[in-house]
file model-v5.csv (CSV, C-alpha atoms and all ligand atoms)
chain,number,residue,atom,x,y,z
F,1,MET,CA,50.8,-29.9,-22.1
F,2,GLY,CA,50.9,-29.1,-25.8
F,3,LEU,CA,51.7,-25.8,-27.3
F,4,ALA,CA,48.2,-25.2,-28.6
F,5,VAL,CA,46.8,-25.8,-25.1
F,6,LEU,CA,49.3,-23.4,-23.6
F,7,ARG,CA,48.4,-20.8,-26.2
F,8,ALA,CA,44.7,-21.2,-25.7
F,9,ALA,CA,45.2,-20.9,-21.9
F,10,ALA,CA,47.2,-17.7,-22.4
F,11,ILE,CA,44.6,-16.2,-24.7
F,12,THR,CA,41.8,-17.1,-22.2
F,13,ALA,CA,43.7,-15.5,-19.4
F,14,PHE,CA,44.2,-12.4,-21.5
F,15,ALA,CA,40.5,-12.3,-22.5
F,16,VAL,CA,39.5,-12.3,-18.8
F,17,LEU,CA,42.0,-9.5,-18.0
F,18,ALA,CA,41.0,-7.5,-21.0
F,19,GLY,CA,37.4,-6.8,-20.1
F,20,THR,CA,37.9,-3.1,-19.2
F,21,ALA,CA,40.8,-1.9,-21.4
F,22,ASN,CA,39.8,0.2,-24.3
F,23,VAL,CA,42.6,-0.7,-26.7
F,24,LEU,CA,43.5,-4.3,-26.4
F,25,ALA,CA,46.5,-6.2,-27.7
F,26,ALA,CA,46.3,-9.8,-28.8
F,27,GLU,CA,48.4,-12.5,-30.3
F,28,THR,CA,48.2,-13.8,-33.8
F,29,GLY,CA,48.6,-17.4,-34.9
F,30,GLY,CA,51.1,-19.0,-37.4
F,31,PRO,CA,53.2,-19.3,-39.4
F,32,TRP,CA,52.0,-22.5,-40.9
F,33,LYS,CA,53.8,-23.9,-44.0
F,34,LEU,CA,52.7,-26.0,-46.9
F,35,GLY,CA,55.5,-26.2,-49.5
F,36,ASP,CA,56.0,-22.7,-50.7
F,37,ILE,CA,52.8,-21.4,-49.1
F,38,VAL,CA,53.1,-19.7,-45.7
F,39,VAL,CA,50.1,-18.6,-43.7
F,40,GLU,CA,50.7,-16.2,-40.8
F,41,GLN,CA,49.4,-13.4,-38.6
F,42,ALA,CA,46.1,-15.2,-38.3
F,43,TRP,CA,43.4,-14.2,-35.9
F,44,ALA,CA,39.6,-14.4,-35.7
F,45,ARG,CA,36.8,-12.5,-34.1
F,46,LEU,CA,33.2,-13.4,-33.4
F,47,ALA,CA,30.1,-11.2,-33.4
F,48,PRO,CA,28.8,-11.3,-29.8
F,49,GLY,CA,25.6,-12.7,-28.3
F,50,GLY,CA,23.7,-15.3,-30.2
F,51,ALA,CA,25.0,-14.1,-33.6
F,52,ARG,CA,27.5,-17.0,-34.3
F,53,THR,CA,29.1,-15.2,-37.2
F,54,GLY,CA,32.8,-14.6,-37.4
F,55,ALA,CA,35.7,-13.4,-39.5
F,56,VAL,CA,39.2,-14.8,-39.9
F,57,TYR,CA,42.1,-12.5,-40.9
F,58,LEU,CA,45.5,-13.6,-42.0
F,59,THR,CA,48.3,-13.2,-44.6
F,60,VAL,CA,49.1,-15.9,-47.2
F,61,HIS,CA,52.5,-15.8,-48.8
F,62,ASN,CA,53.3,-17.6,-52.0
F,63,LYS,CA,57.1,-18.0,-52.1
F,64,SER,CA,57.1,-20.2,-55.3
F,65,GLY,CA,57.9,-19.1,-58.9
F,66,GLN,CA,54.4,-20.1,-59.9
F,67,ASP,CA,51.0,-18.5,-59.3
F,68,ASP,CA,48.7,-20.5,-57.1
F,69,LEU,CA,44.9,-20.2,-56.4
F,70,LEU,CA,43.1,-20.4,-53.1
F,71,LEU,CA,40.2,-22.5,-54.2
F,72,ALA,CA,38.2,-23.0,-51.1
F,73,VAL,CA,38.1,-22.4,-47.3
F,74,ASP,CA,36.3,-24.5,-44.8
F,75,SER,CA,35.9,-25.1,-41.1
F,76,PRO,CA,34.4,-28.1,-39.2
F,77,VAL,CA,33.0,-25.7,-36.5
F,78,ALA,CA,30.9,-23.4,-38.9
F,79,GLU,CA,27.9,-24.1,-41.1
F,80,SER,CA,29.3,-22.0,-43.9
F,81,THR,CA,32.8,-20.7,-44.6
F,82,ALA,CA,33.7,-18.5,-47.6
F,83,VAL,CA,36.2,-15.8,-48.6
F,84,HIS,CA,34.4,-12.5,-48.6
F,85,GLU,CA,35.4,-9.0,-49.6
F,86,THR,CA,33.9,-5.9,-48.0
F,87,ILE,CA,33.2,-3.3,-50.7
F,88,VAL,CA,32.3,0.3,-50.0
F,89,GLU,CA,30.8,1.9,-53.0
F,90,ASN,CA,28.9,5.2,-53.0
F,91,ASP,CA,29.2,5.2,-49.2
F,92,VAL,CA,27.4,1.9,-48.9
F,93,ALA,CA,29.2,-1.1,-47.4
F,94,ARG,CA,28.5,-4.6,-48.5
F,95,MET,CA,30.1,-8.0,-48.3
F,96,GLU,CA,30.6,-10.2,-51.4
F,97,PRO,CA,31.8,-13.8,-51.7
F,98,LEU,CA,34.7,-14.5,-54.1
F,99,PRO,CA,33.5,-17.7,-55.8
F,100,ALA,CA,36.3,-17.7,-58.4
F,101,GLY,CA,38.9,-18.1,-55.6
F,102,VAL,CA,41.7,-15.8,-54.7
F,103,ASN,CA,44.8,-15.5,-56.9
F,104,LEU,CA,48.2,-15.9,-55.1
F,105,PRO,CA,50.8,-14.3,-57.3
F,106,SER,CA,54.2,-15.9,-57.4
F,107,HIS,CA,56.5,-14.3,-54.8
F,108,GLY,CA,53.5,-12.3,-53.7
F,109,GLU,CA,51.1,-12.3,-50.8
F,110,VAL,CA,47.4,-11.9,-50.0
F,111,VAL,CA,46.5,-9.9,-46.9
F,112,MET,CA,43.1,-10.4,-45.3
F,113,ARG,CA,42.5,-7.5,-42.9
F,114,PRO,CA,39.4,-5.8,-41.3
F,115,GLY,CA,37.4,-3.8,-43.8
F,116,GLY,CA,38.7,-5.8,-46.8
F,117,MET,CA,39.1,-9.5,-47.6
F,118,HIS,CA,38.2,-11.9,-44.8
F,119,ILE,CA,37.1,-15.5,-44.2
F,120,MET,CA,33.5,-15.2,-43.3
F,121,MET,CA,31.9,-17.9,-41.1
F,122,THR,CA,28.2,-18.3,-40.2
F,123,GLY,CA,26.6,-20.8,-37.8
F,124,VAL,CA,29.8,-21.0,-35.7
F,125,SER,CA,29.5,-23.7,-33.0
F,126,SER,CA,28.8,-22.3,-29.6
F,127,ASP,CA,31.9,-24.2,-28.3
F,128,ILE,CA,34.0,-21.5,-30.1
F,129,ARG,CA,34.4,-18.3,-28.1
F,130,VAL,CA,37.1,-15.8,-27.2
F,131,GLY,CA,40.2,-17.7,-26.3
F,132,SER,CA,39.3,-20.7,-28.4
F,133,LEU,CA,41.2,-21.9,-31.4
F,134,MET,CA,39.2,-21.8,-34.6
F,135,PRO,CA,40.1,-24.6,-37.0
F,136,VAL,CA,40.4,-23.5,-40.6
F,137,LYS,CA,41.2,-25.4,-43.8
F,138,MET,CA,42.5,-23.8,-46.9
F,139,VAL,CA,42.6,-25.6,-50.2
F,140,PHE,CA,45.1,-24.4,-52.9
F,141,ARG,CA,45.0,-25.5,-56.5
F,142,ASP,CA,48.6,-26.5,-56.7
F,143,ALA,CA,49.9,-26.7,-53.1
F,144,GLY,CA,47.2,-28.9,-51.7
F,145,SER,CA,45.3,-28.3,-48.5
F,146,LEU,CA,46.5,-26.9,-45.2
F,147,ASP,CA,44.8,-27.1,-41.7
F,148,PHE,CA,45.5,-24.7,-38.9
F,149,ASP,CA,44.0,-23.3,-35.7
F,150,VAL,CA,43.4,-19.6,-35.4
F,151,PRO,CA,43.2,-17.8,-32.0
F,152,VAL,CA,39.8,-16.0,-31.4
F,153,VAL,CA,40.5,-12.6,-29.9
F,154,PRO,CA,38.1,-10.3,-28.1
F,155,LEU,CA,35.7,-8.3,-30.3
F,156,GLY,CA,37.0,-5.0,-29.0
F,157,ALA,CA,40.7,-5.9,-29.6
F,158,SER,CA,42.6,-3.7,-32.1
F,159,ASP,CA,43.9,-5.6,-35.2
F,160,PRO,CA,46.6,-7.8,-33.6
F,161,ALA,CA,48.4,-8.1,-37.0
F,162,GLU,CA,48.8,-4.3,-37.2
F,163,LYS,CA,51.9,-4.1,-35.0
F,164,HIS,CA,53.6,-6.5,-37.3
F,165,LEU,CA,52.8,-4.4,-40.3
F,166,LYS,CA,53.9,-1.1,-38.7
F,167,HIS,CA,57.7,-1.7,-38.5
K,1,MET,CA,13.2,1.1,-49.6
K,2,PHE,CA,14.6,4.1,-51.3
K,3,GLY,CA,15.9,4.2,-54.9
K,4,ARG,CA,19.6,3.7,-55.3
K,5,PHE,CA,20.1,6.7,-57.4
K,6,TRP,CA,18.6,8.9,-54.8
K,7,ILE,CA,20.9,7.5,-52.2
K,8,HIS,CA,24.0,7.9,-54.4
K,9,GLY,CA,23.0,11.5,-54.9
K,10,VAL,CA,22.6,11.9,-51.1
K,11,ALA,CA,26.1,10.4,-50.5
K,12,ALA,CA,27.5,12.7,-53.1
K,13,VAL,CA,25.8,15.8,-51.5
K,14,LEU,CA,27.0,14.7,-48.1
K,15,ALA,CA,30.6,14.3,-49.3
K,16,LEU,CA,30.3,17.7,-51.0
K,17,CYS,CA,29.0,19.4,-47.8
K,18,ALA,CA,31.7,17.8,-45.7
K,19,GLY,CA,34.3,18.9,-48.3
K,20,VAL,CA,33.0,22.5,-48.4
K,21,ALA,CA,32.8,22.7,-44.6
K,22,ILE,CA,36.4,21.5,-44.2
K,23,ALA,CA,37.6,23.8,-46.9
K,24,LEU,CA,35.8,26.7,-45.2
K,25,TYR,CA,37.3,25.7,-41.9
K,26,LEU,CA,40.8,25.5,-43.3
K,27,GLU,CA,40.5,28.9,-44.9
K,28,THR,CA,38.7,30.8,-42.3
K,29,GLY,CA,39.5,28.8,-39.2
K,30,ARG,CA,35.9,28.3,-38.3
K,31,MET,CA,33.3,25.7,-39.1
K,32,GLU,CA,30.5,26.7,-41.4
K,33,VAL,CA,27.3,24.7,-41.0
K,34,PRO,CA,26.3,23.5,-44.4
K,35,ALA,CA,22.8,24.6,-45.5
K,36,PHE,CA,22.0,21.0,-46.3
K,37,ASP,CA,19.9,19.7,-43.5
K,38,ILE,CA,20.1,16.2,-42.1
K,39,GLY,CA,18.1,14.9,-39.2
K,40,GLY,CA,14.5,15.1,-38.1
K,41,PRO,CA,12.1,13.8,-35.4
K,42,PHE,CA,12.3,10.2,-34.5
K,43,THR,CA,11.7,7.7,-31.7
K,44,MET,CA,14.0,4.7,-31.3
K,45,THR,CA,14.9,2.4,-28.4
K,46,ASP,CA,18.4,2.5,-26.8
K,47,GLN,CA,20.4,-0.5,-25.5
K,48,ASN,CA,18.8,-0.1,-22.1
K,49,GLY,CA,15.3,-0.4,-23.6
K,50,ARG,CA,14.6,3.3,-23.1
K,51,ASN,CA,13.0,5.6,-25.7
K,52,ILE,CA,15.5,7.9,-27.4
K,53,THR,CA,14.4,10.9,-29.5
K,54,LYS,CA,16.0,13.7,-31.5
K,55,GLN,CA,15.8,15.9,-28.4
K,56,ASP,CA,18.1,13.4,-26.6
K,57,LEU,CA,20.6,13.3,-29.4
K,58,ASP,CA,20.7,17.1,-29.7
K,59,GLN,CA,22.0,17.4,-26.1
K,60,THR,CA,25.6,16.7,-27.2
K,61,ALA,CA,27.7,16.4,-30.3
K,62,VAL,CA,27.2,13.1,-32.0
K,63,ALA,CA,29.2,10.7,-34.2
K,64,LEU,CA,26.6,8.4,-35.7
K,65,PHE,CA,26.9,5.4,-38.0
K,66,ALA,CA,24.8,2.5,-39.3
K,67,GLY,CA,25.6,-1.1,-38.5
K,68,PHE,CA,24.3,-4.4,-37.2
K,69,THR,CA,25.7,-6.8,-34.6
K,70,HIS,CA,25.9,-9.9,-36.9
K,71,CYS,CA,28.5,-8.0,-38.9
K,72,PRO,CA,31.9,-9.4,-38.0
K,73,ASP,CA,34.0,-7.2,-40.3
K,74,VAL,CA,33.1,-3.6,-41.1
K,75,CYS,CA,31.0,-2.7,-38.1
K,76,PRO,CA,33.5,-3.6,-35.3
K,77,THR,CA,36.2,-1.9,-37.5
K,78,THR,CA,34.2,1.4,-37.5
K,79,LEU,CA,33.5,1.2,-33.8
K,80,LEU,CA,37.1,0.4,-32.9
K,81,ARG,CA,38.4,3.2,-35.1
K,82,LEU,CA,36.1,5.7,-33.4
K,83,SER,CA,37.0,4.3,-30.0
K,84,ASN,CA,40.7,4.8,-30.8
K,85,LEU,CA,40.3,8.2,-32.3
K,86,LEU,CA,38.3,9.4,-29.2
K,87,GLU,CA,41.0,8.1,-27.0
K,88,GLN,CA,43.6,10.1,-28.9
K,89,LEU,CA,41.3,13.1,-28.6
K,90,GLY,CA,41.6,12.9,-24.8
K,91,GLY,CA,39.3,15.0,-22.6
K,92,ASP,CA,37.3,16.6,-25.5
K,93,ALA,CA,36.0,13.1,-26.3
K,94,GLU,CA,33.6,13.4,-23.4
K,95,ASN,CA,31.6,16.0,-25.4
K,96,ILE,CA,31.0,13.5,-28.2
K,97,ARG,CA,28.4,10.7,-28.1
K,98,VAL,CA,29.1,7.7,-30.3
K,99,VAL,CA,25.8,6.3,-31.7
K,100,LEU,CA,25.4,3.0,-33.5
K,101,VAL,CA,22.1,2.8,-35.4
K,102,SER,CA,21.1,-0.8,-36.0
K,103,VAL,CA,19.7,-1.4,-39.4
K,104,ASP,CA,18.8,-4.9,-38.4
K,105,PRO,CA,15.8,-4.5,-36.0
K,106,GLU,CA,14.8,-8.2,-36.7
K,107,ARG,CA,17.9,-9.5,-34.8
K,108,ASP,CA,19.2,-6.5,-32.8
K,109,THR,CA,17.1,-6.3,-29.7
K,110,PRO,CA,18.2,-3.8,-27.0
K,111,GLN,CA,19.8,-6.7,-25.0
K,112,VAL,CA,21.8,-7.8,-28.1
K,113,LEU,CA,23.0,-4.3,-28.6
K,114,LYS,CA,23.9,-4.0,-24.9
K,115,SER,CA,26.1,-7.1,-25.0
K,116,TYR,CA,27.6,-5.8,-28.3
K,117,LEU,CA,28.6,-2.5,-26.8
K,118,ALA,CA,30.0,-4.2,-23.7
K,119,ALA,CA,32.6,-5.9,-25.9
K,120,PHE,CA,34.1,-2.5,-26.8
K,121,GLY,CA,34.3,-1.1,-23.3
K,122,GLY,CA,33.5,2.5,-24.3
K,123,ASP,CA,30.6,4.6,-23.2
K,124,PHE,CA,28.6,4.2,-26.5
K,125,THR,CA,25.0,4.4,-27.4
K,126,ALA,CA,23.2,1.9,-29.7
K,127,MET,CA,19.6,2.2,-30.9
K,128,THR,CA,17.1,0.0,-32.6
K,129,GLY,CA,13.4,0.2,-33.2
K,130,THR,CA,10.5,-1.3,-35.1
K,131,PRO,CA,11.0,-1.5,-38.9
K,132,GLU,CA,8.7,1.6,-39.2
K,133,GLN,CA,10.7,3.5,-36.6
K,134,LEU,CA,14.0,2.6,-38.4
K,135,LYS,CA,12.5,3.7,-41.7
K,136,THR,CA,11.6,7.1,-40.3
K,137,PHE,CA,15.0,7.5,-38.8
K,138,ALA,CA,16.9,6.5,-41.9
K,139,LYS,CA,14.8,8.8,-44.0
K,140,ALA,CA,15.5,11.8,-41.7
K,141,TYR,CA,19.2,11.0,-41.3
K,142,ARG,CA,19.8,9.9,-44.9
K,143,LEU,CA,20.9,6.4,-44.0
K,144,PHE,CA,20.7,3.7,-46.6
K,145,TYR,CA,20.1,0.0,-45.7
K,146,GLU,CA,19.0,-3.1,-47.5
K,147,LYS,CA,18.8,-6.8,-46.7
K,148,SER,CA,21.2,-9.1,-48.6
K,149,GLY,CA,20.6,-12.9,-48.7
K,150,ASN,CA,17.8,-15.1,-47.4
K,151,GLY,CA,17.1,-17.3,-44.4
K,152,SER,CA,18.9,-16.8,-41.1
K,153,ASP,CA,22.3,-16.0,-42.7
K,154,TYR,CA,21.3,-12.7,-44.3
K,155,THR,CA,23.5,-9.7,-43.9
K,156,MET,CA,22.7,-6.0,-44.3
K,157,ASN,CA,24.2,-3.6,-46.8
K,158,HIS,CA,24.3,-0.1,-45.2
K,159,SER,CA,25.8,3.4,-45.3
K,160,ALA,CA,29.4,3.2,-44.4
K,161,GLY,CA,30.2,6.7,-43.3
K,162,VAL,CA,30.2,8.3,-39.8
K,163,TYR,CA,28.0,11.4,-39.7
K,164,LEU,CA,29.0,14.1,-37.3
K,165,PHE,CA,26.4,16.4,-35.7
K,166,GLY,CA,27.1,19.4,-33.5
K,167,LYS,CA,25.4,20.0,-30.2
K,168,GLY,CA,21.9,21.1,-31.1
K,169,GLY,CA,21.8,18.6,-34.0
K,170,ALA,CA,23.3,20.5,-36.9
K,171,PHE,CA,25.0,18.3,-39.4
K,172,GLN,CA,28.8,19.1,-39.7
K,173,SER,CA,30.7,16.6,-41.7
K,174,THR,CA,31.4,12.9,-42.2
K,175,LEU,CA,34.3,10.6,-41.4
K,176,ASP,CA,35.3,8.1,-44.0
K,177,GLN,CA,37.6,5.2,-43.8
K,178,HIS,CA,40.1,6.4,-46.4
K,179,GLU,CA,41.2,9.7,-44.6
K,180,THR,CA,44.1,9.8,-42.3
K,181,ASP,CA,43.7,9.8,-38.5
K,182,ASP,CA,45.0,13.4,-38.5
K,183,VAL,CA,42.2,14.6,-40.7
K,184,ALA,CA,39.6,12.6,-38.7
K,185,LEU,CA,41.0,13.9,-35.4
K,186,ARG,CA,40.8,17.5,-36.7
K,187,LYS,CA,37.1,17.0,-37.5
K,188,LEU,CA,36.4,15.4,-34.2
K,189,LYS,CA,38.2,18.2,-32.3
K,190,MET,CA,36.1,20.8,-34.1
K,191,LEU,CA,33.0,18.8,-33.3
K,192,ALA,CA,33.8,18.5,-29.6
K,193,GLY,CA,34.5,22.2,-29.4
K,194,ALA,CA,31.5,23.4,-31.3
D,201,CU,CU,31.8,-11.2,-44.6

call {"tool": "encode", "arguments": {"input": "model-v5.csv", "output": "structure tokens", "more": "lines below"}}
Ligand SMILES: [Cu+2]
result
Amino acid sequence: MGLAVLRAAAITAFAVLAGTANVLAAETGGPWKLGDIVVEQAWARLAPGGARTGAVYLTVHNKSGQDDLLLAVDSPVAESTAVHETIVENDVARMEPLPAGVNLPSHGEVVMRPGGMHIMMTGVSSDIRVGSLMPVKMVFRDAGSLDFDVPVVPLGASDPAEKHLKH
Amino acid sequence: MFGRFWIHGVAAVLALCAGVAIALYLETGRMEVPAFDIGGPFTMTDQNGRNITKQDLDQTAVALFAGFTHCPDVCPTTLLRLSNLLEQLGGDAENIRVVLVSVDPERDTPQVLKSYLAAFGGDFTAMTGTPEQLKTFAKAYRLFYEKSGNGSDYTMNHSAGVYLFGKGGAFQSTLDQHETDDVALRKLKMLAGA
């Protein structure tokens, strides 16, 4: 049995157990490496019911001495996939795509977390649910492209990357 | 739909009211109710398909915010934050009713709202209505919303703050996402005790 299967099984078991708890813990996926690019602390959530919209959160490190650019994101299980930023202006929240890509400064990182930058998906296949692994592709200008599978955590789960940030 | 300038003005007045109320509280130790009035008669439908009116809301203190279930980012974040804050508040939390007002009546039926709330585990209320009912509600409660995008993939832009109303319906203050948990908890504690 592969690691990905084991992880999916663990997440599913967790999701079943988690139904009643108010504050939930969940595991993040990664790290995945592509040259000097490292993607880690990745997780996804789906809007419930028939919505089929979702968001992926993660951290991208650029450990090289050169800036890179995240040109595009994609997923075979979604009709559309794009990097979005949630902007709150004059007490109104809206989401905007970032068509020019996302700059990855040398020796820097880009953090996608709830309420800010996220990978927005619409028309997500109904095969993807809590406990599934969401396939994601990132295309970088210099580093090339990286494919990885992100765990889908329960909608009511607290940001599973938070515990890594609060040292 | 309302004009943007009007709504920016309202947001500014809201923020000012909240600021004045908190400043008064910190200085005098009690919460002054701002003269600025928010709220008015409405009829909406809750997640169980029952009518809900201002009289129902006024029974308890209320933390109210706008959202929609197709929103994967900011709406779950707001609901989770409220849920975590109320857990920290302990027993007082029972006095506060969390209300999600859907600004997407086209897609958010009571059943959809019910399954949405179930994912969060807490004892929350969600309401929806006809486009006219929502318009009336939003006008009375100074909520802004507008559709963004076309086809089935549209999203909604909407008021981001959480509005706090005391038992009886008087507007008290707002929570915003930039303040610390300590400040938010102090506001909620006041709200629960009022
Ligand atoms: Cu988005």

call {"tool": "residues_near_ligand", "arguments": {"input": "model-v5.csv", "ligand": "ligand CU 201 (chain D)", "cutoff": "7 Å", "atoms": "all atoms listed in the file", "output": "mmCIF file with C-alpha atoms, keeping the file's coordinate frame"}}
result
data_model
loop_
_atom_site.group_PDB
_atom_site.id
_atom_site.type_symbol
_atom_site.label_atom_id
_atom_site.label_comp_id
_atom_site.auth_asym_id
_atom_site.auth_seq_id
_atom_site.Cartn_x
_atom_site.Cartn_y
_atom_site.Cartn_z
ATOM 1 C CA ALA F 55 35.700 -13.400 -39.500
ATOM 2 C CA HIS F 84 34.400 -12.500 -48.600
ATOM 3 C CA GLU F 85 35.400 -9.000 -49.600
ATOM 4 C CA THR F 86 33.900 -5.900 -48.000
ATOM 5 C CA MET F 95 30.100 -8.000 -48.300
ATOM 6 C CA GLU F 96 30.600 -10.200 -51.400
ATOM 7 C CA HIS F 118 38.200 -11.900 -44.800
ATOM 8 C CA ILE F 119 37.100 -15.500 -44.200
ATOM 9 C CA MET F 120 33.500 -15.200 -43.300
ATOM 10 C CA PRO K 72 31.900 -9.400 -38.000
ATOM 11 C CA ASP K 73 34.000 -7.200 -40.300
#

call {"tool": "residues_around", "arguments": {"input": "model-v5.csv", "residues": "Pro41 (chain K)", "least_positions_apart": "5", "cutoff": "9 Å", "atoms": "all atoms listed in the file", "output": "ChimeraX atom specification"}}
result
/K:53-55,136-137,140

call {"tool": "residues_around", "arguments": {"input": "model-v5.csv", "residues": "region 65-78 of chain F", "least_positions_apart": "6", "cutoff": "9 Å", "atoms": "all atoms listed in the file", "output": "PDB file with C-alpha atoms, keeping the file's coordinate frame"}}
result
ATOM      1  CA  ARG F  52      27.500 -17.000 -34.300  1.00  0.00           C
ATOM      2  CA  THR F  53      29.100 -15.200 -37.200  1.00  0.00           C
ATOM      3  CA  PRO F  99      33.500 -17.700 -55.800  1.00  0.00           C
ATOM      4  CA  ALA F 100      36.300 -17.700 -58.400  1.00  0.00           C
ATOM      5  CA  GLY F 101      38.900 -18.100 -55.600  1.00  0.00           C
ATOM      6  CA  VAL F 102      41.700 -15.800 -54.700  1.00  0.00           C
ATOM      7  CA  ASN F 103      44.800 -15.500 -56.900  1.00  0.00           C
ATOM      8  CA  LEU F 104      48.200 -15.900 -55.100  1.00  0.00           C
ATOM      9  CA  PRO F 105      50.800 -14.300 -57.300  1.00  0.00           C
ATOM     10  CA  SER F 106      54.200 -15.900 -57.400  1.00  0.00           C
ATOM     11  CA  HIS F 107      56.500 -14.300 -54.800  1.00  0.00           C
ATOM     12  CA  GLY F 108      53.500 -12.300 -53.700  1.00  0.00           C
ATOM     13  CA  ILE F 119      37.100 -15.500 -44.200  1.00  0.00           C
ATOM     14  CA  MET F 121      31.900 -17.900 -41.100  1.00  0.00           C
ATOM     15  CA  THR F 122      28.200 -18.300 -40.200  1.00  0.00           C
ATOM     16  CA  GLY F 123      26.600 -20.800 -37.800  1.00  0.00           C
ATOM     17  CA  VAL F 124      29.800 -21.000 -35.700  1.00  0.00           C
ATOM     18  CA  SER F 125      29.500 -23.700 -33.000  1.00  0.00           C
ATOM     19  CA  SER F 126      28.800 -22.300 -29.600  1.00  0.00           C
ATOM     20  CA  ASP F 127      31.900 -24.200 -28.300  1.00  0.00           C
ATOM     21  CA  ILE F 128      34.000 -21.500 -30.100  1.00  0.00           C
ATOM     22  CA  MET F 134      39.200 -21.800 -34.600  1.00  0.00           C
ATOM     23  CA  PRO F 135      40.100 -24.600 -37.000  1.00  0.00           C
ATOM     24  CA  VAL F 136      40.400 -23.500 -40.600  1.00  0.00           C
ATOM     25  CA  LYS F 137      41.200 -25.400 -43.800  1.00  0.00           C
ATOM     26  CA  MET F 138      42.500 -23.800 -46.900  1.00  0.00           C
ATOM     27  CA  VAL F 139      42.600 -25.600 -50.200  1.00  0.00           C
ATOM     28  CA  PHE F 140      45.100 -24.400 -52.900  1.00  0.00           C
ATOM     29  CA  ARG F 141      45.000 -25.500 -56.500  1.00  0.00           C
ATOM     30  CA  ASP F 142      48.600 -26.500 -56.700  1.00  0.00           C
ATOM     31  CA  ALA F 143      49.900 -26.700 -53.100  1.00  0.00           C
TER      32      ALA F 143
END

call {"tool": "residues_around", "arguments": {"input": "model-v5.csv", "residues": "Ala192 (chain K)", "least_positions_apart": "6", "cutoff": "9 Å", "atoms": "only C-alpha atoms", "output": "count of residues only"}}
result
10

call {"tool": "residues_around", "arguments": {"input": "model-v5.csv", "residues": "Glu87 (chain K)", "least_positions_apart": "6", "cutoff": "12 Å", "atoms": "all atoms listed in the file", "output": "list in words"}}
result
Ala21, Asn22 and Val23 of chain F; Leu80, Arg81, Ala93, Glu94, Ile96, Gly121, Gly122, Asp123, Asp181, Leu185, Leu188 and Lys189 of chain K

call {"tool": "interface_residues", "arguments": {"input": "model-v5.csv", "of": "chain F", "to": "chain K", "cutoff": "6 Å", "atoms": "only C-alpha atoms", "output": "PyMOL selection string"}}
result
chain F and resi 20+22+47-48+51+54-55+90-94+114-115+155-156

call {"tool": "atom_distance", "arguments": {"input": "model-v5.csv", "atom1": "CA of Leu64 (chain K)", "atom2": "CA of Arg113 (chain F)"}}
result
23.6 Å

call {"tool": "atom_distance", "arguments": {"input": "model-v5.csv", "atom1": "CA of Trp43 (chain F)", "atom2": "CA of Gly30 (chain F)"}}
result
9.2 Å

call {"tool": "closest_residue", "arguments": {"input": "model-v5.csv", "among": "K:Gly49, K:Gly193, K:Gly39, K:Gly151", "to": "Thr128 (chain K)", "atoms": "only C-alpha atoms"}}
result
K:Gly49

call {"tool": "atom_distance", "arguments": {"input": "model-v5.csv", "atom1": "CA of Val150 (chain F)", "atom2": "CA of Glu162 (chain F)"}}
result
16.3 Å

call {"tool": "closest_residue", "arguments": {"input": "model-v5.csv", "among": "K:Val99, K:Leu57, K:Leu191, K:Phe124", "to": "Ser173 (chain K)", "atoms": "only C-alpha atoms"}}
result
K:Leu191

call {"tool": "closest_residue", "arguments": {"input": "model-v5.csv", "among": "F:Gly144, F:Pro31, F:Pro97, F:Pro154", "to": "Thr59 (chain F)", "atoms": "all atoms listed in the file"}}
result
F:Pro31

call {"tool": "residues_around", "arguments": {"input": "model-v5.csv", "residues": "Leu58 (chain F)", "least_positions_apart": "2", "cutoff": "12 Å", "atoms": "all atoms listed in the file", "output": "PyMOL selection string"}}
result
chain F and resi 28-32+38-45+55-56+60-61+83+109-114+116-119+136+138+148-151+159-162+164-165
